[in-house]
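Remarks on the structure that follows.
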Amino acid sequence: MFVTPILQTAAMFMTAPTTRGASPVISPSEPHAASPSMMTGSHGTPLAGPGLLERLRMTGRARPQADPSLAAELGAGIDSGLAAMGLSADGLPALEQRLALEWAPGTSDTPADPFATGHRDRLVVTPTRLRRALICARHRELTAPSARPLTVAMACGALVDVLFRQLVTTGAIGDPIEDGMAALAIDDYQAPLVAWINDLSESERGGLMTEVCRQSEDLLARWPTFDPAWMPRTKDVLRAGLAGGAVELMTRVDLVIGRPAASEGSVALVDVISGPRRLEHRADRHLEALVETLRTGASPFAAATYYTQTGELDVDPVSPEILVAASQRLLAGMSALVSQVLGRPVAGCRAGETLPLGDGCPACAAEPLAALARTTDAVGWMTVLGEGEGLADRPQQVTDPAHHPYVGLSDDITRAPQFRHEVAA
Amino acid sequence: MTGRAHARASALVAPVPEHDRQIGVVRDHLVAAVAEAMAHTAPGGLVEVTGASIDGQWSNPTAPEEFRWKPAFVRRSLGLALVRACVEGRFKAPATAAEPVVAEALDCWRQTGWRTYHWEPWLAGLAPGARAVVLAEAVTWASALWVAFDWAALGSRCLFGAPNDLWTCPGPRTVRLKGRADVQVVLAGDAYSLPGTSDDSQAGDRQTIGVPSEDPRCTADTSSVALISVVSGRPGELWQEELAFPALVAGLRWPSRPVPARVVGLWPDAATVRMVDIDDRLLGATSERVVAAVRRAHSELAIGLTAA
């Protein structure tokens with residue numbers, strides 16, 4: 001049985017809102033009666049209901065056949081690149097410890113990176129680490145977890161994130177603020193954020209509530225209940241081992257749908273972002289597709305990003321070319337990461353030779369250092385650096401693809417069999 | 001179900017090769033080795049060894065955190081209840097089972113009293129948003145287990161969420177082994193006759209969700225069993241010993257019963273399923289890892305004492 005039936009079944013009802021007591025009434029409007037900002041998405045009117053699911057299910061390409069040899073080729077290519085960088089099992093624990101210092105809990109009021117501690121026997125590579133490795137030193141410093149201020153936008157992102165999860169799981173959202181705050185407060189991880197929200201001024205809190213309610217209303221209007229056969233699961237952790245287990249790719253996907261199948265790609269990955277659309281989100285979802293391919297041997301058929309602010313849904317059919325490009329970006333990031341930690345260039349694969357410093361920094365392209373230093377507000381890039389938390393930020397900034405450090409790599413897309421030889425060379 | 005899930009189920013219940021499983025010998029060796037490892041430790045608090053300890057993870061037992069319920073603590077117990085409800089044919093998938101199963105659990109708790117249960121009172125007091133987080137964690141956990149095996153092929157052979165096996169090693173300092181298996185599968189002989197698991201009782205009483213009030217394995221005393229263990233992270237170098245650990249503890253805890261003959265590990269994060277057959281060699285290797293874990297604990301205790 002494949003993950004998604006040929007047609008959605010009769011169970012695909014539009015989600016009805018649930019209201020309780022004196023909670024503000026959330027009245028989902030008709031799917032097409034979206035707020036003006038939603039109408040300005042690049043795809044016109046945001047998708048809703050069956051149309052949204054159809055967009056996820058039908059990518060415009062045939063679903064990829066499960067190809068364990070492709071996964072093996074990708075893994076071998078990455079392993080070869082890591083070996084060329086001189087990474088060994090002996091050296092990795094020390095690297096991990098040095099990285100852990102950067103992310104150690106207690107260094108700031110913000111939550112610690114949950115992925116970066118407790119692993120002494122392997123180097124854990126998350127999307128956040130990879131992004132941070134691929135920006136210049138100054139941006140990395142300004143956007144370090146210890147320098148990250150909490151903002152209303154980040155709070156909005158965290159609240160919408162848990163509300164989306166609630167909607168997928170229960171099919172209903174009551175009072176968005178009440179439900180969202182209860183979800184954030186359920187354990188200590190978000191305790192600093194919860195305390196920060198509770199200390200907001202009345203006007204700030206009012207603004208936060210308004211935006212959260214608006215996005216919650218849009219979620220209710222657009223996301224129908226999943227058919228159980230789609231096996232929706234939220235915050236799914238994906239891990240894949242590299243270099244004989246010395247390196248671990250790890251990511252957490254907001255929504256995974258589809259039952260793993262042996263014959264063809266039957267899983268779709270969906271990231272949920274409450275901030276504006278950015279080029280880096282594409283790289284993130286491609287990395288997730290790579291991790292899924294490496295760990296299961298079958299690539300997902302789609303990698304998507306849903307923007308709660310606008311209702312936009314970007315869906316990429318997953319192809320070998322995308323996976324190869326993601327592998328190359330991974331190697332570039334690994335090379336940069338190791339260079340940064342060791343304080344010296346690391347010889348290695350072709351992708352890793354050009355470290356993304358200076359003009360090549362995607363963060364600089366999006367937000368010049370001068371502007372960042374003037375405001376000392378690193379929020380702009382916090383969206384990019386957030387760990388799938390859907391962190392919102394300032395109004396959309398244009399990221400020029402021409403300045404992207406791995407655009408060139410993407411242009412040099414190669415077939416998987418060739419990739420092996422390129423890395424070896 | 002996919003062909004892969006069916007193949008796993010078939011492999012799980014395939015005939016087990018004849019192996020020696022002399023648990024008495026392993027026990028004697030383990031007691032002696034642990035006593036030696038802890039020889040110069042002052043009597044004190046509990047040292048607990050779990051499956052995670054086998055793989056080198058260790059938390060200082062002298063500084064336990066105050067226990068507080070979290071969604072992660074509930075997902076296994078509730079997740080198993082969801083899978084069980086699906087195996088019984090009551091629901092199509094864990095996602096649809098979540099709300100009704102929780103409602104039933106809370107009803108049982110309210111009717112029966114809190115002492116029989118564990119997470120139900122906590123969950124009952126949560127606001128809807130927080131409760132949704134718990135459900136989401138459980139559904140995600142259960143979905144991985146649900147799709148991993150062809151449960152229809154296993155039928156009533158399965159027992160979900162049996163109590164942890166505990167075995168205390170005698171010595172100057174209490175060393176306790178805690179083994180946990182998420183599902184037990186009867187390989188031969190009668191299926192379990194638990195309320196709600198056998199064919200003739202599906203419409204009747206239901207097993208309590210959470211910790212069963214008594215050890216249900218009494219009906220399978222003479223049957224060989226396999227264990228399914230859901231493990232976090234990725235399999236490490238010692239994955240065989242980690243999988244064998246609950247079988248070892250079960251054998252130590254219930255010396256009159258057959259040692260579990262097979263253990264299947266599911267690592268959902270890594271989408272990996274591996275299986276080991278239990279024999280004397282593996283039991284011995286696992287007991288060596290237990291001793292190593294105890295030695296690590298001893299070292300940390302010594303460091304802690306020096307620092308103090």
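Chain identifiers are assigned as A, B, and so on, following the order in which chains appear in the structure tokens; residues are numbered from 1 within each chain, and ligands are numbered from 1 in order of appearance.
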
I'd like the contact shell of B:Ala14 - 8 Å cut-off, only C-alpha atoms, skipping same-chain residues fewer than 3 positions apart - returned as a PDB file with N, CA and C atoms, in the first residue's frame.
```
ATOM      1  N   SER B  10       7.371 -12.012   9.314  1.00  0.00           N
ATOM      2  CA  SER B  10       7.669 -13.428   9.083  1.00  0.00           C
ATOM      3  C   SER B  10       8.993 -13.808   9.724  1.00  0.00           C
ATOM      4  N   ALA B  11       9.971 -12.953   9.564  1.00  0.00           N
ATOM      5  CA  ALA B  11      11.280 -13.239  10.156  1.00  0.00           C
ATOM      6  C   ALA B  11      11.202 -13.265  11.679  1.00  0.00           C
ATOM      7  N   LEU B 187       6.464 -17.124  20.193  1.00  0.00           N
ATOM      8  CA  LEU B 187       6.994 -17.809  19.013  1.00  0.00           C
ATOM      9  C   LEU B 187       6.374 -19.188  18.841  1.00  0.00           C
TER      10      LEU B 187
END
```

Inset, instruction - Tell me which protein, DNA and RNA residues are within 8 Å of B:Val34, counting only C-alpha atoms, leaving out same-chain ones fewer than 3 positions away, and put them as a ChimeraX atom specification. - result: /B:30-31,37-38,169,171,291,294

Selected residues written out, C-alpha atoms, as a compact mmCIF listing (two decimals), in the first residue's frame:
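Output file result_31.txt is given in full below:
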```txt
# COMPACT_ATOMS: atom_id res chain seq x y z
CA LEU B 30 27.68 -11.45 36.32
CA VAL B 31 27.31 -11.47 40.09
CA ALA B 37 33.78 -3.92 39.93
CA MET B 38 32.12 -2.36 42.95
CA CYS B 169 22.51 -7.95 41.64
CA GLY B 171 26.49 -6.85 46.55
CA VAL B 291 29.93 -4.98 33.92
CA VAL B 294 28.92 -0.68 36.22
```

Inset, instruction - Taking only C-alpha atoms into account, report as a PyMOL selection string which residues of chain B lie within 7 Å of chain A. - result: chain B and resi 1-2+4+70+92-93+95-96+127-130+132-133+136+139-140+143+147+269-271

May I have the selected residues written with C-alpha atoms, as an mmCIF file, in the first residue's frame?
```cif
data_model
loop_
_atom_site.group_PDB
_atom_site.id
_atom_site.type_symbol
_atom_site.label_atom_id
_atom_site.label_comp_id
_atom_site.auth_asym_id
_atom_site.auth_seq_id
_atom_site.Cartn_x
_atom_site.Cartn_y
_atom_site.Cartn_z
ATOM 1 C CA MET B 1 1.090 -3.347 4.681
ATOM 2 C CA THR B 2 4.214 -3.284 2.574
ATOM 3 C CA ARG B 4 8.925 -5.282 3.798
ATOM 4 C CA LYS B 70 6.730 15.265 29.909
ATOM 5 C CA LYS B 92 -7.266 2.294 10.836
ATOM 6 C CA ALA B 93 -4.158 4.112 11.998
ATOM 7 C CA ALA B 95 -3.719 9.061 14.200
ATOM 8 C CA THR B 96 -7.378 8.128 14.404
ATOM 9 C CA ALA B 127 -5.161 22.127 28.748
ATOM 10 C CA PRO B 128 -6.156 21.125 25.197
ATOM 11 C CA GLY B 129 -3.059 22.653 23.635
ATOM 12 C CA ALA B 130 -0.716 20.787 25.938
ATOM 13 C CA ALA B 132 -2.333 17.888 21.778
ATOM 14 C CA VAL B 133 1.445 17.864 22.173
ATOM 15 C CA ALA B 136 1.236 14.257 18.667
ATOM 16 C CA VAL B 139 1.039 9.316 17.295
ATOM 17 C CA THR B 140 4.418 9.924 15.723
ATOM 18 C CA SER B 143 3.156 5.393 13.510
ATOM 19 C CA VAL B 147 4.178 0.601 9.725
ATOM 20 C CA ASP B 269 14.848 7.897 13.643
ATOM 21 C CA ALA B 270 17.182 5.887 11.474
ATOM 22 C CA ALA B 271 14.411 3.858 9.789
#
```

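For the residues A:Tyr189, A:Glu312, A:Pro50, A:Asp161, ranking by smallest atom-to-atom distance to A:Val272 using only C-alpha atoms places A:Asp161 first.
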
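The residue that comes closest to B:Asp28, out of B:His298, B:Ala85, B:Pro170, B:Ala293 and on the basis of only C-alpha atoms, is B:Pro170.
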
Inset, instruction - To one decimal in Å, tell me the separation between atom CA of A:Gly75 and atom CA of A:Leu323. - result: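 Distance between the two atoms: 10.7 Å.
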